[in-house]
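Here's model24.cif, which has mmCIF, C-alpha atoms:
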data_work
loop_
_atom_site.label_atom_id
_atom_site.label_comp_id
_atom_site.auth_asym_id
_atom_site.auth_seq_id
_atom_site.Cartn_x
_atom_site.Cartn_y
_atom_site.Cartn_z
CA MET A 1 50.90 -57.54 -48.10
CA ASP A 2 50.65 -55.41 -51.24
CA TYR A 3 53.48 -53.00 -50.51
CA THR A 4 53.02 -51.05 -53.74
CA GLU A 5 49.35 -50.32 -52.96
CA ILE A 6 50.08 -49.46 -49.34
CA ASN A 7 52.96 -47.13 -50.20
CA THR A 8 50.79 -45.39 -52.80
CA ILE A 9 47.99 -44.89 -50.28
CA ARG A 10 50.44 -43.72 -47.62
CA SER A 11 51.98 -41.07 -49.86
CA GLN A 12 48.58 -39.86 -51.09
CA PHE A 13 47.17 -39.76 -47.57
CA GLN A 14 50.14 -37.77 -46.30
CA ALA A 15 49.57 -35.37 -49.20
CA GLY A 16 46.06 -34.70 -47.89
CA LEU A 17 44.12 -36.42 -50.67
CA TRP A 18 41.43 -37.76 -48.31
CA PRO A 19 39.22 -34.65 -47.95
CA GLN A 20 36.91 -36.31 -45.41
CA PHE A 21 38.55 -38.10 -42.49
CA LEU A 22 37.54 -39.11 -38.98
CA GLN A 23 40.82 -38.61 -37.13
CA MET A 24 39.96 -39.41 -33.52
CA ILE A 25 37.27 -40.91 -31.31
CA SER A 26 37.26 -40.79 -27.51
CA ILE A 27 34.65 -42.53 -25.35
CA ASP A 28 33.90 -41.96 -21.70
CA GLY A 29 31.34 -43.70 -19.51
CA LEU A 30 30.25 -46.41 -21.92
CA ARG A 31 30.84 -50.19 -21.73
CA GLY A 32 34.20 -50.04 -19.97
CA TRP A 33 35.52 -47.01 -21.83
CA SER A 34 36.73 -44.32 -19.42
CA GLY A 35 38.01 -41.51 -21.60
CA GLN A 36 40.42 -43.43 -23.84
CA SER A 37 41.04 -42.00 -27.31
CA VAL A 38 41.66 -43.86 -30.55
CA GLU A 39 43.62 -42.10 -33.28
CA LEU A 40 42.99 -43.23 -36.87
CA ASN A 41 46.23 -42.78 -38.79
CA PHE A 42 45.61 -44.55 -42.12
CA PRO A 43 42.67 -44.70 -44.55
CA VAL A 44 42.08 -48.39 -43.73
CA VAL A 45 42.54 -49.45 -40.11
CA ALA A 46 41.84 -52.69 -38.25
CA VAL A 47 40.90 -52.78 -34.58
CA VAL A 48 41.75 -56.06 -32.84
CA GLY A 49 41.09 -57.32 -29.32
CA GLU A 50 39.42 -59.98 -27.24
CA ASN A 51 35.65 -60.36 -27.17
CA GLY A 52 34.26 -57.66 -24.91
CA SER A 53 37.30 -55.39 -25.24
CA GLY A 54 35.25 -52.59 -26.80
CA LYS A 55 35.66 -53.02 -30.57
CA SER A 56 31.96 -52.96 -31.45
CA THR A 57 31.38 -49.99 -29.14
CA LEU A 58 34.13 -48.09 -30.95
CA LEU A 59 32.75 -48.94 -34.39
CA LYS A 60 29.20 -47.94 -33.47
CA ALA A 61 30.44 -44.70 -31.94
CA ALA A 62 32.31 -43.97 -35.18
CA ALA A 63 29.10 -44.48 -37.16
CA CYS A 64 27.45 -41.74 -35.07
CA ALA A 65 30.14 -39.16 -35.81
CA TYR A 66 28.28 -37.79 -38.81
CA ASP A 67 24.81 -36.95 -40.01
CA HIS A 68 24.19 -39.12 -43.07
CA THR A 69 23.48 -37.12 -46.19
CA GLU A 70 20.15 -38.98 -46.34
CA LYS A 71 18.17 -38.41 -43.15
CA ASP A 72 16.57 -41.89 -43.05
CA LYS A 73 20.01 -43.51 -43.13
CA ARG A 74 21.49 -41.73 -40.11
CA PHE A 75 22.86 -43.73 -37.21
CA TYR A 76 21.73 -42.77 -33.72
CA PRO A 77 23.47 -43.69 -30.45
CA SER A 78 20.05 -44.41 -28.90
CA ALA A 79 19.64 -47.29 -31.36
CA PHE A 80 23.09 -48.75 -30.63
CA PHE A 81 23.35 -48.19 -26.88
CA VAL A 82 19.90 -49.10 -25.62
CA GLU A 83 18.96 -48.49 -22.01
CA THR A 84 17.35 -51.58 -20.49
CA PHE A 85 16.18 -52.77 -17.09
CA TRP A 86 19.72 -54.08 -16.52
CA ASP A 87 21.76 -51.44 -18.36
CA ASN A 88 21.85 -47.89 -17.04
CA ILE A 89 23.43 -45.67 -19.67
CA GLU A 90 24.17 -42.15 -18.48
CA GLY A 91 27.16 -39.91 -17.93
CA VAL A 92 28.37 -40.75 -21.44
CA LYS A 93 30.44 -38.48 -23.65
CA ILE A 94 31.85 -39.32 -27.08
CA ASN A 95 34.23 -36.84 -28.72
CA PHE A 96 35.26 -36.70 -32.37
CA ARG A 97 37.96 -34.88 -34.30
CA ILE A 98 37.11 -34.59 -37.97
CA LYS A 99 39.04 -33.31 -40.97
CA ARG A 100 37.04 -31.67 -43.76
CA GLY A 101 39.20 -30.28 -46.51
CA PRO A 102 41.83 -28.05 -44.88
CA ASN A 103 39.77 -27.63 -41.69
CA ILE A 104 39.87 -29.78 -38.55
CA ASP A 105 36.86 -29.53 -36.24
CA SER A 106 35.76 -31.22 -33.03
CA HIS A 107 32.32 -32.05 -31.73
CA SER A 108 30.72 -34.45 -29.27
CA ILE A 109 27.59 -36.40 -28.49
CA SER A 110 26.60 -37.10 -24.91
CA LYS A 111 24.02 -38.62 -22.62
CA PRO A 112 24.32 -36.89 -19.24
CA SER A 113 21.13 -38.50 -17.93
CA GLN A 114 17.94 -39.40 -19.82
CA ARG A 115 18.46 -38.19 -23.38
CA TRP A 116 21.22 -38.23 -25.95
CA ARG A 117 22.45 -34.84 -27.08
CA ARG A 118 23.86 -34.28 -30.58
CA PRO A 119 25.07 -31.10 -32.25
CA GLU A 120 22.46 -29.49 -34.49
CA ASN A 121 24.86 -29.03 -37.38
CA ALA A 122 27.02 -32.15 -37.29
CA PRO A 123 29.12 -32.71 -40.43
CA LYS A 124 27.41 -34.71 -43.18
CA ARG A 125 28.90 -37.80 -44.77
CA ASN A 126 27.76 -41.06 -46.31
CA VAL A 127 28.32 -43.69 -43.60
CA TYR A 128 27.92 -47.44 -44.05
CA LEU A 129 27.96 -49.84 -41.09
CA LEU A 130 28.06 -53.57 -41.83
CA ASP A 131 27.77 -55.53 -38.61
CA ILE A 132 27.95 -59.27 -37.91
CA SER A 133 24.28 -59.72 -38.86
CA ARG A 134 25.39 -59.66 -42.51
CA THR A 135 26.60 -63.25 -42.07
CA LEU A 136 23.12 -64.54 -41.19
CA PRO A 137 22.04 -67.12 -43.83
CA LEU A 138 19.34 -65.83 -46.13
CA ASP A 139 16.84 -68.53 -45.20
CA ALA A 140 17.20 -67.47 -41.55
CA SER A 141 16.73 -63.76 -42.31
CA ALA A 142 13.41 -62.14 -41.51
CA GLY A 143 11.00 -62.21 -44.43
CA TYR A 144 12.90 -64.56 -46.71
CA ALA A 145 11.35 -67.89 -45.65
CA ARG A 146 8.21 -67.11 -47.65
CA ILE A 147 10.25 -66.47 -50.80
CA ALA A 148 12.05 -69.79 -50.36
CA ARG A 149 8.80 -71.72 -49.85
CA SER A 150 6.73 -70.07 -52.57
CA ALA A 151 6.79 -70.86 -56.25
CA ALA A 152 8.12 -67.42 -57.02
CA SER A 153 8.92 -65.92 -60.39
CA GLU A 154 11.55 -63.27 -61.07
CA ILE A 155 10.34 -59.78 -61.93
CA GLU A 156 13.56 -57.74 -61.85
CA SER A 157 17.34 -58.21 -61.82
CA ALA A 158 20.38 -55.97 -61.21
CA ASP A 159 23.90 -57.09 -62.13
CA ILE A 160 27.15 -56.60 -60.26
CA ASN A 161 29.32 -54.85 -62.86
CA ASP A 162 32.12 -56.73 -64.60
CA GLU A 163 34.96 -55.09 -62.66
CA PHE A 164 33.47 -55.89 -59.26
CA ARG A 165 32.41 -59.37 -60.39
CA ALA A 166 36.02 -60.06 -61.43
CA ARG A 167 37.29 -58.84 -58.05
CA LEU A 168 34.67 -60.95 -56.26
CA SER A 169 35.94 -63.95 -58.23
CA PHE A 170 39.50 -63.12 -57.20
CA VAL A 171 38.63 -62.78 -53.50
CA LEU A 172 36.75 -66.10 -53.37
CA SER A 173 39.01 -67.93 -55.87
CA ARG A 174 36.08 -68.92 -58.10
CA ASP A 175 35.33 -67.93 -61.69
CA TYR A 176 31.89 -66.36 -61.52
CA LYS A 177 30.41 -65.81 -64.96
CA LYS A 178 27.79 -63.47 -63.56
CA ALA A 179 26.73 -62.00 -60.22
CA ARG A 180 23.34 -60.37 -59.77
CA PHE A 181 20.44 -59.64 -57.42
CA ALA A 182 16.92 -60.67 -58.38
CA THR A 183 13.53 -59.56 -57.07
CA SER A 184 10.66 -62.04 -56.93
CA ASN A 185 6.94 -61.50 -57.27
CA VAL A 186 6.52 -62.69 -53.67
CA ASP A 187 8.19 -59.63 -52.11
CA ALA A 188 9.43 -56.76 -54.26
CA LYS A 189 11.41 -55.28 -51.34
CA ARG A 190 13.67 -58.29 -50.79
CA GLN A 191 16.42 -59.20 -53.21
CA VAL A 192 18.10 -62.57 -53.63
CA GLY A 193 21.72 -62.76 -54.76
CA LEU A 194 22.73 -65.19 -57.50
CA LEU A 195 26.14 -66.34 -58.64
CA GLU A 196 26.63 -68.05 -62.01
CA LEU A 197 29.29 -70.76 -62.31
CA GLU A 198 30.12 -72.97 -65.26
CA TRP A 199 27.28 -75.38 -64.40
CA GLY A 200 24.58 -72.79 -63.69
CA GLU A 201 23.29 -70.28 -61.14
CA LEU A 202 23.30 -70.64 -57.36
CA SER A 203 21.09 -68.49 -55.15
CA GLN A 204 21.95 -67.20 -51.69
CA PHE A 205 19.65 -69.85 -50.25
CA HIS A 206 22.31 -72.42 -51.20
CA GLN A 207 25.57 -70.48 -51.30
CA GLY A 208 28.24 -71.03 -48.68
CA ALA A 209 28.31 -68.57 -45.79
CA GLY A 210 31.40 -66.81 -47.14
CA GLU A 211 29.96 -66.47 -50.65
CA ASP A 212 26.65 -65.20 -49.28
CA ALA A 213 28.18 -62.52 -47.02
CA THR A 214 30.79 -61.41 -49.57
CA LEU A 215 28.26 -61.09 -52.39
CA ASP A 216 26.14 -58.78 -50.20
CA LEU A 217 29.28 -56.82 -49.29
CA PHE A 218 30.19 -56.30 -52.94
CA ARG A 219 26.69 -55.08 -53.74
CA THR A 220 27.13 -52.36 -51.11
CA LEU A 221 30.67 -51.49 -52.15
CA GLN A 222 29.85 -51.24 -55.85
CA GLY A 223 27.64 -48.24 -55.16
CA ILE A 224 29.52 -46.60 -52.29
CA PRO A 225 29.99 -42.87 -53.01
CA LEU A 226 33.27 -40.96 -52.98
CA ASN A 227 34.67 -39.94 -49.57
CA SER A 228 32.31 -42.22 -47.62
CA LEU A 229 33.02 -43.83 -44.25
CA LEU A 230 32.77 -47.64 -44.33
CA ILE A 231 32.70 -49.63 -41.08
CA ILE A 232 32.80 -53.44 -41.09
CA ASP A 233 32.52 -55.50 -37.90
CA GLU A 234 34.45 -58.82 -38.00
CA VAL A 235 35.48 -58.41 -41.61
CA GLU A 236 36.88 -61.96 -41.80
CA ALA A 237 33.61 -63.68 -40.84
CA SER A 238 33.05 -66.93 -42.79
CA LEU A 239 36.11 -66.46 -45.02
CA HIS A 240 39.14 -68.74 -45.31
CA PRO A 241 42.62 -67.19 -44.89
CA ARG A 242 43.38 -66.57 -48.58
CA ALA A 243 39.98 -64.92 -49.07
CA GLN A 244 40.58 -62.73 -46.00
CA ARG A 245 43.88 -61.50 -47.43
CA ARG A 246 42.39 -60.83 -50.84
CA LEU A 247 39.40 -59.01 -49.39
CA VAL A 248 41.67 -56.63 -47.46
CA ARG A 249 43.69 -55.99 -50.62
CA PHE A 250 40.46 -55.21 -52.45
CA LEU A 251 39.40 -52.80 -49.68
CA LEU A 252 42.75 -51.01 -49.91
CA TRP A 253 42.27 -50.61 -53.66
CA LEU A 254 38.72 -49.34 -53.17
CA ALA A 255 39.82 -46.87 -50.47
CA ARG A 256 42.35 -45.38 -52.88
CA GLN A 257 40.00 -45.33 -55.86
CA ARG A 258 37.15 -43.57 -54.07
CA ARG A 259 39.02 -41.86 -51.23
CA ILE A 260 36.88 -43.64 -48.67
CA GLN A 261 37.86 -44.27 -45.06
CA ILE A 262 37.47 -47.82 -43.76
CA ILE A 263 37.40 -49.01 -40.13
CA LEU A 264 37.45 -52.77 -39.56
CA SER A 265 37.28 -54.99 -36.51
CA THR A 266 38.91 -58.39 -36.61
CA HIS A 267 40.31 -61.37 -34.70
CA SER A 268 42.35 -62.54 -37.68
CA PRO A 269 46.14 -62.41 -38.09
CA TYR A 270 45.66 -62.67 -41.87
CA VAL A 271 43.77 -59.37 -41.92
CA LEU A 272 46.45 -57.67 -39.81
CA GLU A 273 49.25 -59.01 -41.98
CA GLU A 274 47.77 -57.26 -45.02
CA LEU A 275 47.81 -53.85 -43.35
CA PRO A 276 50.76 -51.57 -42.50
CA GLN A 277 51.93 -50.98 -38.97
CA GLU A 278 50.12 -47.65 -38.58
CA ALA A 279 46.81 -49.33 -39.51
CA ARG A 280 46.77 -51.83 -36.60
CA ILE A 281 45.14 -50.92 -33.28
CA LEU A 282 44.94 -53.29 -30.31
CA LEU A 283 42.36 -52.82 -27.56
CA MET A 284 43.85 -54.54 -24.53
CA THR A 285 42.05 -54.92 -21.22
CA GLY A 286 43.99 -55.18 -17.97
CA PRO A 287 43.87 -54.46 -14.24
CA GLN A 288 44.08 -50.71 -14.92
CA GLY A 289 41.29 -50.79 -17.51
CA LEU A 290 41.38 -50.50 -21.28
CA ASN A 291 44.62 -49.75 -23.11
CA VAL A 292 44.89 -48.64 -26.74
CA VAL A 293 48.10 -49.89 -28.37
CA TYR A 294 49.19 -48.79 -31.85
CA GLY A 295 51.39 -50.46 -34.44
CA VAL A 296 51.27 -53.98 -33.01
CA SER A 297 52.53 -56.96 -34.95
CA PRO A 298 50.01 -59.67 -35.87
CA GLU A 299 51.94 -62.09 -33.65
CA PHE A 300 51.69 -59.88 -30.59
CA ALA A 301 48.00 -59.18 -31.18
CA MET A 302 47.27 -62.89 -31.45
CA SER A 303 49.32 -63.69 -28.34
CA ARG A 304 47.04 -61.35 -26.38
CA MET A 305 44.00 -63.40 -27.42
CA ASP A 306 45.34 -66.96 -27.16
CA ASP A 307 46.45 -68.89 -24.05
CA GLU A 308 47.78 -71.95 -25.87
CA VAL A 309 51.44 -71.25 -24.96
CA HIS A 310 52.55 -70.75 -21.33
CA PRO A 311 56.21 -69.68 -21.36
CA GLU A 312 58.20 -68.75 -18.25
CA ALA A 313 59.15 -65.42 -19.83
CA TYR A 314 58.29 -63.27 -22.82
CA VAL A 315 60.98 -61.64 -24.93
CA PHE A 316 59.83 -58.77 -27.14
CA VAL A 317 61.72 -57.93 -30.33
CA GLU A 318 60.91 -55.58 -33.18
CA ASP A 319 60.34 -57.93 -36.13
CA ARG A 320 60.72 -61.46 -37.49
CA GLU A 321 64.34 -60.86 -38.48
CA ALA A 322 65.23 -59.96 -34.90
CA GLU A 323 63.39 -63.05 -33.71
CA ILE A 324 65.47 -65.28 -36.02
CA TRP A 325 68.72 -63.61 -34.91
CA LEU A 326 67.91 -64.12 -31.24
CA ARG A 327 66.93 -67.76 -31.74
CA GLU A 328 70.15 -68.47 -33.62
CA ILE A 329 72.26 -66.75 -30.95
CA LEU A 330 70.62 -68.74 -28.16
CA ALA A 331 70.82 -72.01 -30.09
CA SER A 332 74.54 -71.56 -30.80
CA SER A 333 75.59 -72.53 -27.27
CA GLU A 334 74.70 -75.45 -25.01
CA ASP A 335 74.50 -73.06 -22.08
CA THR A 336 71.81 -70.92 -23.71
CA SER A 337 69.95 -73.39 -25.95
CA GLU A 338 67.94 -74.64 -22.95
CA VAL A 339 66.46 -71.15 -22.63
CA LEU A 340 64.65 -71.56 -25.96
CA HIS A 341 62.27 -74.07 -24.36
CA LYS A 342 61.34 -71.66 -21.58
CA ILE A 343 60.66 -68.40 -23.40
CA GLN A 344 58.36 -67.04 -26.05
CA ILE A 345 59.84 -64.55 -28.49
CA ASN A 346 57.27 -62.08 -29.81
CA PRO A 347 57.88 -59.68 -32.69
CA VAL A 348 55.74 -56.78 -31.52
CA GLY A 349 56.73 -53.74 -33.57
CA PRO A 350 58.64 -50.60 -32.55
CA SER A 351 59.52 -49.56 -29.02
CA ASN A 352 56.29 -47.62 -28.42
CA VAL A 353 54.34 -50.91 -28.48
CA VAL A 354 56.45 -52.33 -25.66
#
Rendering of file as structure tokens:
Amino acid sequence: MDYTEINTIRSQFQAGLWPQFLQMISIDGLRGWSGQSVELNFPVVAVVGENGSGKSTLLKAAACAYDHTEKDKRFYPSAFFVETFWDNIEGVKINFRIKRGPNIDSHSISKPSQRWRRPENAPKRNVYLLDISRTLPLDASAGYARIARSAASEIESADINDEFRARLSFVLSRDYKKARFATSNVDAKRQVGLLELEWGELSQFHQGAGEDATLDLFRTLQGIPLNSLLIIDEVEASLHPRAQRRLVRFLLWLARQRRIQIILSTHSPYVLEELPQEARILLMTGPQGLNVVYGVSPEFAMSRMDDEVHPEAYVFVEDREAEIWLREILASSEDTSEVLHKIQINPVGPSNVV
């Protein structure tokens, strides 16, 4: 965790230096959500939970909070939450609380029966949603097979700038001499990413999945305007642990530089470990429905998604230091050392998590 960066962001955020901020989303009547609210308390937050716990629903709802400054780039709930023969979507209400400068406003979108209803004058903001489809290999993407098969020539090229290329190299631990996107004479609307290493260029048709997805991500982030909202579903997809950590550190830097707000979903402890306590949100399903838990430790979040260990009892402590103390105390006596084999000690965060 980059404590210096996080403390800088925290102090600037508390000073009100993020003039555009989505503070709260509540969802009722949609995919298992029954009125629960999610508070966003840091410029970069990660939402974690099992498959089907509601992460993607939350992220798509967040994307609909604003009218995009460009009309053709707006996100509509009717496109995300499609009514089908099997899925009856009605009685839905999604509420938002939004900060704009010194003002805090609320508005909602709803679908009481047949049609979605949105406010006529919803706040405007540049919103970017990057879902899991970004990890689809280029040769499996619609329209690219013809470029791969044809004897194409290059007609145009746009470079990733030196600063972002250097940060891309850092994230993926490779020294890229150049990063660019080329357009062929086969289809002028479809660009192909290229990375130059010491032995030559490699196109996205042959890059690894992590390189491919991250190069596309950096193209988007290089041009993202000030005060935008960036939403990334499964941010860790196709990346090894070190790259996951470095990508989150890059996103923190970018959030501070451009005052953008970032909402991530993840299943990765490495992503959570790079974010402060107030930036971690667990969606936890149970007999009583969906619970929203704030400030969880990475260990506790992972324990909710993994059934590898089956202890007789769980002991919850605040942090790793408390875990070590408890283990040492129990191990110090023959009478209590046997207990260590029967319990699981979980650092979970402060008392509100428990």
TODO: Neighbourhood query: residues within 7 Å of (26.8, -36.1, -28.9), file coordinates, counting only C-alpha atoms; return as a PyMOL selection string.
DONE: chain A and resi 93-94+108-110+116-119
- [ ] State, in Å with one decimal place, the distance from atom CA of Val348 of chain A to atom CA of Ala46 of chain A.
- [x]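 For atom CA of Val348 of chain A relative to atom CA of Ala46 of chain A, the distance reads 16.0 Å.
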Open item on the list: If I take atom CA of Lys73 of chain A and atom CA of Ala255 of chain A, how far is one from the other in Å, to one decimal?
Closed with: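 Those two atoms sit 21.4 Å apart.
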Open item on the list: My list of candidates is A:Arg246, A:Arg134, A:Gln222, A:Leu239. Which is closest to Asp162 of chain A when distances are computed with only C-alpha atoms?
Closed with: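 Looking only at the distances to Asp162 of chain A, the closest residue turns out to be A:Gln222.
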TODO: Report the residues retrieved by the PyMOL selection byres ((chain A and resi 8-17) around 9) from the displayed file, expressed as a list in words.
DONE: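 When the PyMOL selection byres ((chain A and resi 8-17) around 9) is applied to the shown file, the picked residues are Tyr3, Thr4, Glu5, Ile6, Asn7, Trp18, Pro19, Gln20, Phe42, Pro43, Gly101, Pro102, Leu252, Trp253, Ala255, Arg256 and Arg259 of chain A.
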Open item on the list: Just to confirm, what's the straight-line distance from atom CA of Arg258 of chain A to atom CA of Arg280 of chain A in Å (one decimal)?
Closed with: 21.6 Å
TODO: Just the residues within 12 Å of Ser265 of chain A, please, counting all atoms listed in the file, with nothing from its chain fewer than 2 positions along; format it as a PyMOL selection string.
DONE: chain A and resi 44-51+53-60+129-132+230-237+248+262-263+267-269+271-272+279-283
- [ ] Rank A:Ala322, A:Leu247, A:Met302, A:Ile25 by their smallest atom-to-atom distance to Ser106 of chain A, using all atoms listed in the file, and report the top residue only.
- [x]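 So, comparing all the options, the nearest one is A:Ile25.
Among the candidate residues A:Asn126, A:Ser184, A:Gln204, A:Ser303, the one lying nearest to Ala63 of chain A is A:Asn126, with distances computed using all atoms listed in the file.
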Open item on the list: Assuming the chain letters and numbering stay as they are in my file, what does the PyMOL selection byres ((chain A and resi 113) around 12) actually select? List them as a PyMOL selection string.
Closed with: chain A and resi 29+83+88-93+110-112+114-117
